[in-house]
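Asker: Have a peek at entry28.cif (mmCIF, C-alpha atoms).
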data_coords
loop_
_atom_site.group_PDB
_atom_site.id
_atom_site.type_symbol
_atom_site.label_atom_id
_atom_site.label_comp_id
_atom_site.auth_asym_id
_atom_site.auth_seq_id
_atom_site.Cartn_x
_atom_site.Cartn_y
_atom_site.Cartn_z
ATOM 1 C CA MET Q 143 97.856 7.344 20.152
ATOM 2 C CA ASP Q 144 95.149 8.750 22.487
ATOM 3 C CA ALA Q 145 95.676 6.313 25.341
ATOM 4 C CA SER Q 146 96.308 7.740 28.805
ATOM 5 C CA ASP Q 147 99.788 7.734 30.296
ATOM 6 C CA SER Q 148 98.865 4.891 32.630
ATOM 7 C CA GLU Q 149 97.571 2.791 29.753
ATOM 8 C CA LEU Q 150 100.716 3.452 27.742
ATOM 9 C CA ALA Q 151 102.890 2.585 30.750
ATOM 10 C CA SER Q 152 101.024 -0.719 31.074
ATOM 11 C CA LEU Q 153 101.635 -1.430 27.403
ATOM 12 C CA VAL Q 154 105.354 -0.699 27.834
ATOM 13 C CA MET Q 155 105.474 -3.160 30.732
ATOM 14 C CA ALA Q 156 103.883 -5.735 28.429
ATOM 15 C CA GLY Q 157 106.697 -5.207 25.924
ATOM 16 C CA ASP Q 158 105.214 -2.624 23.569
ATOM 17 C CA GLN Q 159 108.069 -0.313 22.569
ATOM 18 C CA ARG Q 160 105.851 1.906 20.437
ATOM 19 C CA ALA Q 161 103.906 2.812 23.549
ATOM 20 C CA PHE Q 162 107.115 4.068 25.114
ATOM 21 C CA GLY Q 163 107.786 6.074 21.960
ATOM 22 C CA ALA Q 164 104.398 7.723 22.422
ATOM 23 C CA LEU Q 165 105.261 8.587 26.035
ATOM 24 C CA VAL Q 166 108.623 10.043 24.995
ATOM 25 C CA SER Q 167 106.950 12.062 22.287
ATOM 26 C CA ARG Q 168 104.281 13.292 24.683
ATOM 27 C CA HIS Q 169 106.521 14.347 27.567
ATOM 28 C CA GLN Q 170 109.849 15.224 25.997
ATOM 29 C CA GLN Q 171 109.096 18.935 25.941
ATOM 30 C CA ALA Q 172 108.527 19.125 29.698
ATOM 31 C CA VAL Q 173 111.526 16.962 30.569
ATOM 32 C CA ARG Q 174 113.870 18.757 28.200
ATOM 33 C CA GLY Q 175 112.465 22.109 29.313
ATOM 34 C CA VAL Q 176 113.165 21.413 32.984
ATOM 35 C CA LEU Q 177 116.675 20.169 32.262
ATOM 36 C CA MET Q 178 117.410 23.037 29.915
ATOM 37 C CA ARG Q 179 116.522 25.571 32.598
ATOM 38 C CA LEU Q 180 118.466 23.622 35.237
ATOM 39 C CA CYS Q 181 121.589 23.051 33.092
ATOM 40 C CA ARG Q 182 121.452 26.102 30.863
ATOM 41 C CA ASN Q 183 123.047 24.013 28.123
ATOM 42 C CA SER Q 184 120.892 22.486 25.400
ATOM 43 C CA ALA Q 185 123.266 19.673 24.448
ATOM 44 C CA LEU Q 186 123.806 18.593 28.049
ATOM 45 C CA ALA Q 187 120.100 18.929 28.785
ATOM 46 C CA ASP Q 188 119.229 16.685 25.852
ATOM 47 C CA ASP Q 189 121.806 14.098 26.934
ATOM 48 C CA LEU Q 190 120.422 14.088 30.462
ATOM 49 C CA ALA Q 191 116.874 13.953 29.099
ATOM 50 C CA GLN Q 192 117.792 10.862 27.072
ATOM 51 C CA ASP Q 193 119.351 9.281 30.158
ATOM 52 C CA ALA Q 194 116.224 10.124 32.120
ATOM 53 C CA PHE Q 195 113.969 8.478 29.555
ATOM 54 C CA ILE Q 196 116.167 5.372 29.436
ATOM 55 C CA LYS Q 197 116.021 5.169 33.216
ATOM 56 C CA ALA Q 198 112.257 5.612 33.070
ATOM 57 C CA TYR Q 199 112.046 2.780 30.536
ATOM 58 C CA ASP Q 200 114.085 0.494 32.778
ATOM 59 C CA LYS Q 201 112.050 1.412 35.841
ATOM 60 C CA ILE Q 202 108.637 1.695 34.215
ATOM 61 C CA ALA Q 203 107.299 -0.998 36.526
ATOM 62 C CA GLY Q 204 108.017 1.430 39.370
ATOM 63 C CA TYR Q 205 105.396 3.843 38.083
ATOM 64 C CA SER Q 206 102.460 3.150 40.344
ATOM 65 C CA GLY Q 207 99.902 5.112 38.355
ATOM 66 C CA ILE Q 208 99.387 7.382 41.351
ATOM 67 C CA GLY Q 209 100.282 10.955 40.451
ATOM 68 C CA SER Q 210 101.058 12.238 37.003
ATOM 69 C CA PHE Q 211 103.410 10.375 34.704
ATOM 70 C CA LYS Q 212 104.966 13.707 33.764
ATOM 71 C CA GLY Q 213 105.722 14.387 37.410
ATOM 72 C CA TRP Q 214 107.277 10.936 37.740
ATOM 73 C CA LEU Q 215 109.419 11.573 34.656
ATOM 74 C CA CYS Q 216 110.480 15.019 35.820
ATOM 75 C CA ARG Q 217 111.486 13.501 39.140
ATOM 76 C CA ILE Q 218 113.774 11.075 37.332
ATOM 77 C CA ALA Q 219 115.124 13.931 35.203
ATOM 78 C CA TYR Q 220 115.842 16.020 38.306
ATOM 79 C CA THR Q 221 117.660 13.080 39.893
ATOM 80 C CA GLU Q 222 119.724 12.692 36.718
ATOM 81 C CA PHE Q 223 120.592 16.368 36.892
ATOM 82 C CA LEU Q 224 121.650 16.099 40.542
ATOM 83 C CA MET Q 225 123.760 13.015 39.851
ATOM 84 C CA HIS Q 226 125.443 14.765 36.975
ATOM 85 C CA ALA Q 227 126.055 17.877 39.043
ATOM 86 C CA ARG Q 228 127.518 15.871 41.918
ATOM 87 C CA LYS Q 229 129.674 13.820 39.610
ATOM 88 C CA ARG Q 230 131.262 16.850 38.093
ATOM 89 C CA LYS Q 231 131.256 18.855 41.313
ATOM 90 C CA ALA Q 232 130.595 21.872 39.181
ATOM 91 C CA GLN Q 233 127.133 23.002 40.136
ATOM 92 C CA ASP Q 234 128.237 25.905 42.310
ATOM 93 C CA ARG Q 235 130.915 27.026 39.901
ATOM 94 C CA THR Q 236 128.443 26.818 37.021
ATOM 95 C CA LEU Q 237 125.887 28.881 38.900
ATOM 96 C CA GLU Q 238 128.494 31.513 39.662
ATOM 97 C CA ARG Q 239 129.439 31.605 36.012
ATOM 98 C CA LEU Q 240 125.817 31.798 34.949
ATOM 99 C CA LYS Q 241 125.186 34.708 37.286
ATOM 100 C CA ALA Q 242 128.000 36.588 35.603
ATOM 101 C CA GLU Q 243 127.082 35.945 31.992
ATOM 102 C CA PRO Q 244 124.708 33.533 30.275
ATOM 103 C CA GLU Q 245 126.264 30.829 28.193
ATOM 104 C CA ALA Q 246 125.928 31.027 24.429
ATOM 105 C CA ASP Q 247 123.602 28.257 23.424
ATOM 106 C CA HIS Q 248 123.684 26.999 19.873
ATOM 107 C CA VAL Q 249 120.240 25.395 19.855
ATOM 108 C CA PRO Q 250 117.450 27.873 19.288
ATOM 109 C CA ALA Q 251 114.478 27.451 21.569
ATOM 110 C CA GLY Q 252 112.015 30.268 21.464
ATOM 111 C CA PRO Q 253 112.935 33.934 21.229
ATOM 112 C CA ALA Q 254 116.607 34.094 22.200
ATOM 113 C CA GLY Q 255 116.414 37.412 24.067
ATOM 114 C CA ALA Q 256 113.529 36.331 26.253
ATOM 115 C CA ARG Q 257 115.190 32.981 26.948
ATOM 116 C CA VAL Q 258 118.452 34.631 27.977
ATOM 117 C CA ASP Q 259 116.555 37.082 30.188
ATOM 118 C CA LEU Q 260 114.669 34.256 31.861
ATOM 119 C CA ASP Q 261 117.867 32.320 32.495
ATOM 120 C CA ARG Q 262 119.577 35.425 33.860
ATOM 121 C CA ALA Q 263 116.644 36.113 36.126
ATOM 122 C CA LEU Q 264 116.565 32.493 37.319
ATOM 123 C CA ALA Q 265 120.274 32.627 38.077
ATOM 124 C CA THR Q 266 119.628 35.353 40.650
ATOM 125 C CA LEU Q 267 117.438 33.026 42.731
ATOM 126 C CA GLY Q 268 118.688 30.814 45.509
ATOM 127 C CA GLU Q 269 119.331 27.210 44.488
ATOM 128 C CA GLU Q 270 116.212 25.763 46.117
ATOM 129 C CA GLU Q 271 114.019 28.642 44.967
ATOM 130 C CA ARG Q 272 115.299 28.249 41.449
ATOM 131 C CA THR Q 273 114.733 24.495 41.442
ATOM 132 C CA CYS Q 274 111.184 24.823 42.778
ATOM 133 C CA VAL Q 275 110.276 27.533 40.277
ATOM 134 C CA ILE Q 276 111.699 25.506 37.377
ATOM 135 C CA LEU Q 277 109.970 22.276 38.404
ATOM 136 C CA CYS Q 278 106.620 24.041 38.760
ATOM 137 C CA TYR Q 279 106.780 26.308 35.720
ATOM 138 C CA ALA Q 280 108.945 24.407 33.212
ATOM 139 C CA GLY Q 281 107.918 20.926 34.365
ATOM 140 C CA GLY Q 282 104.308 21.784 35.067
ATOM 141 C CA MET Q 283 104.545 20.067 38.441
ATOM 142 C CA SER Q 284 102.139 20.751 41.272
ATOM 143 C CA HIS Q 285 103.621 22.007 44.540
ATOM 144 C CA SER Q 286 103.100 18.553 46.012
ATOM 145 C CA GLU Q 287 104.965 16.882 43.159
ATOM 146 C CA ALA Q 288 107.803 19.392 43.454
ATOM 147 C CA ALA Q 289 107.931 18.719 47.206
ATOM 148 C CA GLU Q 290 108.147 14.973 46.577
ATOM 149 C CA THR Q 291 110.817 15.472 43.937
ATOM 150 C CA THR Q 292 113.038 17.782 45.943
ATOM 151 C CA GLY Q 293 112.393 16.199 49.326
ATOM 152 C CA LEU Q 294 111.413 19.600 50.723
ATOM 153 C CA PRO Q 295 108.295 20.111 52.855
ATOM 154 C CA LEU Q 296 105.247 21.243 50.886
ATOM 155 C CA GLY Q 297 105.053 24.574 52.707
ATOM 156 C CA THR Q 298 108.697 25.266 51.941
ATOM 157 C CA VAL Q 299 108.129 24.568 48.254
ATOM 158 C CA LYS Q 300 105.158 26.943 48.221
ATOM 159 C CA SER Q 301 107.244 29.623 49.903
ATOM 160 C CA HIS Q 302 110.127 29.095 47.485
ATOM 161 C CA VAL Q 303 107.829 29.350 44.476
ATOM 162 C CA ASN Q 304 106.075 32.448 45.815
ATOM 163 C CA ARG Q 305 109.280 34.216 46.780
ATOM 164 C CA GLY Q 306 111.044 33.107 43.619
ATOM 165 C CA ARG Q 307 108.202 34.471 41.532
ATOM 166 C CA ALA Q 308 108.283 37.761 43.458
ATOM 167 C CA ARG Q 309 112.026 38.074 42.917
ATOM 168 C CA LEU Q 310 111.667 37.303 39.229
ATOM 169 C CA LYS Q 311 108.977 39.951 38.954
ATOM 170 C CA ALA Q 312 111.225 42.473 40.665
ATOM 171 C CA TRP Q 313 114.092 41.525 38.373
ATOM 172 C CA PHE Q 314 112.001 42.048 35.230
ATOM 173 C CA GLU Q 315 110.608 45.327 36.581
ATOM 174 C CA ARG Q 316 114.123 46.605 37.275
ATOM 175 C CA LYS Q 317 115.180 45.562 33.801
ATOM 176 C CA GLU Q 318 112.206 47.385 32.281
ATOM 177 C CA VAL Q 319 113.042 50.558 34.215
ATOM 178 C CA ALA Q 320 116.689 50.336 33.163
ATOM 179 C CA ALA Q 321 115.662 49.934 29.538
ATOM 180 C CA MET T 280 97.806 45.763 44.622
ATOM 181 C CA SER T 281 96.065 45.059 41.331
ATOM 182 C CA ARG T 282 92.662 43.454 40.937
ATOM 183 C CA SER T 283 94.286 40.370 39.507
ATOM 184 C CA ASP T 284 96.039 39.646 42.767
ATOM 185 C CA GLN T 285 95.078 36.379 44.411
ATOM 186 C CA VAL T 286 95.717 34.895 47.791
ATOM 187 C CA ASP T 287 97.614 31.690 48.374
ATOM 188 C CA GLU T 288 98.114 29.983 51.694
ATOM 189 C CA SER T 289 101.609 28.954 52.563
ATOM 190 C CA GLU T 290 103.245 27.676 55.700
ATOM 191 C CA ASP T 291 104.241 31.151 56.772
ATOM 192 C CA GLY T 292 100.868 32.755 56.330
ATOM 193 C CA LEU T 293 98.946 34.283 53.509
ATOM 194 C CA GLU T 294 100.885 35.357 50.461
ATOM 195 C CA PHE T 295 99.652 37.303 47.501
ATOM 196 C CA ILE T 296 100.103 36.089 43.964
ATOM 197 C CA ASP T 297 100.144 38.473 41.057
ATOM 198 C CA ALA T 298 98.098 36.467 38.572
ATOM 199 C CA ALA T 299 99.106 38.687 35.679
ATOM 200 C CA PHE T 300 102.801 38.119 36.301
ATOM 201 C CA ASP T 301 102.117 34.441 37.000
ATOM 202 C CA ALA T 302 100.665 34.093 33.494
ATOM 203 C CA GLU T 303 103.505 36.150 32.051
ATOM 204 C CA LEU T 304 106.082 33.959 33.740
ATOM 205 C CA ALA T 305 104.361 30.800 32.525
ATOM 206 C CA ALA T 306 104.410 32.238 28.997
ATOM 207 C CA MET T 307 108.137 32.979 29.309
ATOM 208 C CA PHE T 308 108.853 29.395 30.342
ATOM 209 C CA GLU T 309 106.674 28.170 27.487
ATOM 210 C CA ALA T 310 108.534 30.345 24.990
ATOM 211 C CA ALA T 311 111.896 29.204 26.313
ATOM 212 C CA ALA T 312 110.962 25.506 26.189
ATOM 213 C CA PRO T 313 112.399 23.279 23.465
ATOM 214 C CA SER T 314 110.320 22.579 20.395
ATOM 215 C CA GLU T 315 107.336 20.360 20.968
ATOM 216 C CA ARG T 316 107.624 16.682 20.038
ATOM 217 C CA ASP T 317 110.995 16.608 18.314
ATOM 218 C CA PRO T 318 110.879 13.302 16.343
ATOM 219 C CA ALA T 319 114.688 13.113 16.205
ATOM 220 C CA PHE T 320 114.881 13.147 19.995
ATOM 221 C CA THR T 321 112.268 10.399 20.243
ATOM 222 C CA GLU T 322 114.181 8.307 17.684
ATOM 223 C CA ARG T 323 117.427 8.667 19.630
ATOM 224 C CA VAL T 324 115.750 7.538 22.845
ATOM 225 C CA MET T 325 114.039 4.595 21.128
ATOM 226 C CA ALA T 326 117.323 3.486 19.537
ATOM 227 C CA ARG T 327 118.921 3.481 22.983
ATOM 228 C CA THR T 328 116.095 1.510 24.565
ATOM 229 C CA ALA T 329 116.384 -1.142 21.824
ATOM 230 C CA ARG T 330 120.139 -1.343 22.405
ATOM 231 C CA THR T 331 119.657 -1.620 26.173
ATOM 232 C CA ASP T 332 117.164 -4.461 25.726
ATOM 233 C CA ARG T 333 119.470 -6.328 23.367
ATOM 234 C CA TYR T 334 122.501 -6.006 25.660
ATOM 235 C CA ARG T 335 120.492 -7.112 28.672
ATOM 236 C CA PHE T 336 119.101 -10.116 26.832
ATOM 237 C CA LEU T 337 122.524 -11.119 25.496
ATOM 238 C CA ALA T 338 124.245 -10.608 28.853
ATOM 239 C CA LEU T 339 121.653 -12.610 30.739
ATOM 240 C CA GLY T 340 121.574 -15.288 28.055
ATOM 241 C CA ALA T 341 125.362 -15.599 28.055
ATOM 242 C CA ALA T 342 125.482 -15.761 31.851
ATOM 243 C CA GLY T 343 122.714 -18.355 31.845
ATOM 244 C CA ALA T 344 124.429 -20.464 29.180
ATOM 245 C CA LEU T 345 127.713 -20.337 31.100
ATOM 246 C CA GLY T 346 125.935 -21.372 34.272
ATOM 247 C CA ALA T 347 124.234 -24.183 32.393
ATOM 248 C CA LEU T 348 127.561 -25.470 31.075
ATOM 249 C CA VAL T 349 129.098 -25.411 34.529
ATOM 250 C CA ALA T 350 126.068 -27.109 36.038
ATOM 251 C CA GLY T 351 126.019 -29.684 33.250
ATOM 252 C CA SER T 352 129.647 -30.533 33.754
ATOM 253 C CA GLN T 353 129.211 -30.799 37.510
ATOM 254 C CA LEU T 354 126.212 -33.113 37.449
ATOM 255 C CA PRO T 355 127.114 -36.038 35.196
ATOM 256 C CA GLY T 356 125.523 -38.543 37.499
ATOM 257 C CA LEU T 357 122.160 -36.821 37.748
ATOM 258 C CA LEU T 358 120.538 -38.527 34.783
ATOM 259 C CA ASP T 359 121.969 -41.884 35.695
ATOM 260 C CA PHE T 360 120.169 -41.521 38.987
ATOM 261 C CA ALA T 361 117.057 -40.172 37.251
ATOM 262 C CA GLY T 362 117.184 -42.995 34.733
ATOM 263 C CA GLY T 363 117.264 -45.537 37.468
ATOM 264 C CA GLN T 364 114.475 -43.894 39.415
ATOM 265 C CA ALA T 365 112.175 -42.324 36.869
ATOM 266 C CA GLY T 366 111.840 -44.965 34.255
ATOM 267 C CA ALA T 367 112.973 -46.191 30.935
ATOM 268 C CA GLY T 368 111.948 -43.168 28.802
ATOM 269 C CA LEU T 369 114.308 -40.735 30.450
ATOM 270 C CA GLY T 370 116.972 -43.361 30.588
ATOM 271 C CA ALA T 371 116.640 -43.973 26.865
ATOM 272 C CA ALA T 372 116.959 -40.257 26.170
ATOM 273 C CA ALA T 373 120.030 -40.154 28.348
ATOM 274 C CA ASP T 374 121.475 -43.120 26.478
ATOM 275 C CA PHE T 375 120.746 -41.401 23.165
ATOM 276 C CA ALA T 376 122.094 -37.902 23.855
ATOM 277 C CA GLY T 377 124.336 -38.404 26.833
ATOM 278 C CA PRO T 378 123.545 -37.226 30.374
ATOM 279 C CA GLU T 379 125.741 -34.104 30.216
ATOM 280 C CA ALA T 380 124.047 -32.891 27.039
ATOM 281 C CA LEU T 381 120.563 -33.353 28.469
ATOM 282 C CA VAL T 382 121.399 -31.594 31.708
ATOM 283 C CA THR T 383 123.015 -28.763 29.755
ATOM 284 C CA LEU T 384 119.925 -28.411 27.580
ATOM 285 C CA LEU T 385 117.669 -28.445 30.608
ATOM 286 C CA PHE T 386 119.616 -25.723 32.374
ATOM 287 C CA ALA T 387 119.997 -23.670 29.183
ATOM 288 C CA GLY T 388 116.219 -23.690 28.809
ATOM 289 C CA LEU T 389 115.782 -22.572 32.391
ATOM 290 C CA ALA T 390 118.390 -19.851 31.968
ATOM 291 C CA LEU T 391 116.714 -18.601 28.794
ATOM 292 C CA ALA T 392 113.349 -18.439 30.506
ATOM 293 C CA PHE T 393 114.963 -16.666 33.456
ATOM 294 C CA SER T 394 116.603 -14.061 31.202
ATOM 295 C CA ARG T 395 113.312 -13.573 29.372
ATOM 296 C CA VAL T 396 111.562 -12.844 32.654
ATOM 297 C CA LEU T 397 114.310 -10.476 33.839
ATOM 298 C CA SER T 398 114.232 -8.531 30.576
ATOM 299 C CA GLY T 399 110.552 -7.904 31.152
ATOM 300 C CA GLY T 400 109.440 -9.998 28.198
ATOM 301 C CA ARG T 401 110.293 -7.106 25.875
ATOM 302 C CA ALA T 402 110.912 -7.802 22.216
ATOM 303 C CA VAL T 403 114.605 -7.797 21.282
#
Using structure tokens, write down the structure that the file contains.

Answerer:
Amino acid sequence: MDASDSELASLVMAGDQRAFGALVSRHQQAVRGVLMRLCRNSALADDLAQDAFIKAYDKIAGYSGIGSFKGWLCRIAYTEFLMHARKRKAQDRTLERLKAEPEADHVPAGPAGARVDLDRALATLGEEERTCVILCYAGGMSHSEAAETTGLPLGTVKSHVNRGRARLKAWFERKEVAA
Amino acid sequence: MSRSDQVDESEDGLEFIDAAFDAELAAMFEAAAPSERDPAFTERVMARTARTDRYRFLALGAAGALGALVAGSQLPGLLDFAGGQAGAGLGAAADFAGPEALVTLLFAGLALAFSRVLSGGRAV
């Protein structure tokens, strides 16, 4: 289906389930990618991604058509992640654990070594930096969309992304030297 | 600073972006992303949306039917009044089916329409 996201969203509102299937198919990679980097657990990320899509389906009338549909979806996914993290009160403990050693992940997604390195590098960032970098790089969000999603000022998001990127670069350079 | 460096404005002044590393980082995220368009994932989501729609429709329908029964039982005199006021046709229908049954049917229809609207008119 070559229809735009807005057209598909309108079709979903009119009761066309296949249109929603097309939207899921089109944006699942970004949503799952963001959640996978945030959760560092494929199974949990997929569960949260499903929940996010169900929520998007229920609230599809809330999509105004202003801004990208992917950004809107990623916002819902990020909220799902936060709710999950709060519910389990484990976000800080998980981050500490992740900093120590990356979790073995049974679902292959790209070259395993590179993925583990990226997750290790991300775990060294501050929470807000990490979130902003993930939303912009894994979710393909603009700085403005990331600012809207996180509730942070636009300038702060830009700073977090710039500093996060610089820290990641330093991390990979150190790793290269050590190797 | 390499030639690929670019300048980006941020709230705390000008910051330099290493475009080469920016592209490298984007490629790393791309490589670490889940496989593109996993049909199994889409099927799981679609199965859940169908289930959600069905439950919502059934729940609203059941609530509406219950409300209709209660309303029907509480308004036995409504059609008698309507029969007296509105004419012989309605009165005859009331005589034929009974006032409670007609009121129940009326409210059930309204409840069904209400649940249809609340479920967004989606196919169940």

Asker: Find, counting all atoms listed in the file, the residue in Q:Lys197, Q:Arg179, Q:His169, Q:Arg160 that gets nearest to Thr331 in chain T.

Answerer: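 Checking each candidate against Thr331 in chain T, we get Q:Lys197 as the closest.
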
Asker: Show me, as an NGL selection string, every residue of chain Q with an atom at most 9 Å from chain T, counting all atoms listed in the file.

Answerer: :Q and (154-160 or 162-164 or 166-172 or 174-176 or 178-179 or 184 or 188 or 192-193 or 195-196 or 199-200 or 249-254 or 256-258 or 260 or 276 or 279-280 or 296-301 or 304 or 307-308 or 310-311)

Asker: Could you work out how far CA of Ala145 in chain Q lies from CA of Ala198 in chain Q, giving the answer in Å with one decimal?

Answerer: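 Those two atoms sit 18.3 Å apart.
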
Asker: Here's the selection I'm unsure about, the PyMOL selection byres ((chain Q and resi 292) around 9); applied to the file above, which residues does it give, as a short mmCIF file (atom, residue, chain, number, x, y, z; two decimals) with C-alpha atoms, keeping the file's coordinate frame?

Answerer:
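Saved file part_18.cif follows:
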data_model
loop_
_atom_site.label_atom_id
_atom_site.label_comp_id
_atom_site.auth_asym_id
_atom_site.auth_seq_id
_atom_site.Cartn_x
_atom_site.Cartn_y
_atom_site.Cartn_z
CA ARG Q 217 111.49 13.50 39.14
CA TYR Q 220 115.84 16.02 38.31
CA THR Q 221 117.66 13.08 39.89
CA GLU Q 270 116.21 25.76 46.12
CA THR Q 273 114.73 24.50 41.44
CA CYS Q 274 111.18 24.82 42.78
CA GLU Q 287 104.96 16.88 43.16
CA ALA Q 288 107.80 19.39 43.45
CA ALA Q 289 107.93 18.72 47.21
CA GLU Q 290 108.15 14.97 46.58
CA THR Q 291 110.82 15.47 43.94
CA GLY Q 293 112.39 16.20 49.33
CA LEU Q 294 111.41 19.60 50.72
CA PRO Q 295 108.30 20.11 52.86
CA VAL Q 299 108.13 24.57 48.25
#

Asker: Name the residues that the PyMOL selection byres ((chain Q and resi 205) around 12) picks from the file above, as a PyMOL selection string, using the file's chain letters and numbers.

Answerer: chain Q and resi 147-152+154-155+197-204+206-215+217-218

Asker: Write out, as an mmCIF file, in the frame of the given file, the residues just selected, with C-alpha atoms.

Answerer:
data_model
loop_
_atom_site.group_PDB
_atom_site.id
_atom_site.type_symbol
_atom_site.label_atom_id
_atom_site.label_comp_id
_atom_site.auth_asym_id
_atom_site.auth_seq_id
_atom_site.Cartn_x
_atom_site.Cartn_y
_atom_site.Cartn_z
ATOM 1 C CA ASP Q 147 99.788 7.734 30.296
ATOM 2 C CA SER Q 148 98.865 4.891 32.630
ATOM 3 C CA GLU Q 149 97.571 2.791 29.753
ATOM 4 C CA LEU Q 150 100.716 3.452 27.742
ATOM 5 C CA ALA Q 151 102.890 2.585 30.750
ATOM 6 C CA SER Q 152 101.024 -0.719 31.074
ATOM 7 C CA VAL Q 154 105.354 -0.699 27.834
ATOM 8 C CA MET Q 155 105.474 -3.160 30.732
ATOM 9 C CA LYS Q 197 116.021 5.169 33.216
ATOM 10 C CA ALA Q 198 112.257 5.612 33.070
ATOM 11 C CA TYR Q 199 112.046 2.780 30.536
ATOM 12 C CA ASP Q 200 114.085 0.494 32.778
ATOM 13 C CA LYS Q 201 112.050 1.412 35.841
ATOM 14 C CA ILE Q 202 108.637 1.695 34.215
ATOM 15 C CA ALA Q 203 107.299 -0.998 36.526
ATOM 16 C CA GLY Q 204 108.017 1.430 39.370
ATOM 17 C CA SER Q 206 102.460 3.150 40.344
ATOM 18 C CA GLY Q 207 99.902 5.112 38.355
ATOM 19 C CA ILE Q 208 99.387 7.382 41.351
ATOM 20 C CA GLY Q 209 100.282 10.955 40.451
ATOM 21 C CA SER Q 210 101.058 12.238 37.003
ATOM 22 C CA PHE Q 211 103.410 10.375 34.704
ATOM 23 C CA LYS Q 212 104.966 13.707 33.764
ATOM 24 C CA GLY Q 213 105.722 14.387 37.410
ATOM 25 C CA TRP Q 214 107.277 10.936 37.740
ATOM 26 C CA LEU Q 215 109.419 11.573 34.656
ATOM 27 C CA ARG Q 217 111.486 13.501 39.140
ATOM 28 C CA ILE Q 218 113.774 11.075 37.332
#

Asker: How many Å lie between CA of Ala302 in chain T and CA of Asp261 in chain Q, rounded to one decimal?

Answerer: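 One can read the CA of Ala302 in chain T to CA of Asp261 in chain Q distance as 17.3 Å.
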
Asker: What is the CA of Arg333 in chain T to CA of Val382 in chain T distance in Å?

Answerer: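 Computing it gives 26.7 Å between the two atoms.
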
Asker: Please write as a PyMOL selection string the full residue list that the PyMOL selection byres ((chain T and resi 339-355) around 7) yields on this file.

Answerer: chain T and resi 335-338+356-357+378-379+382-383+386-387+390-391+394
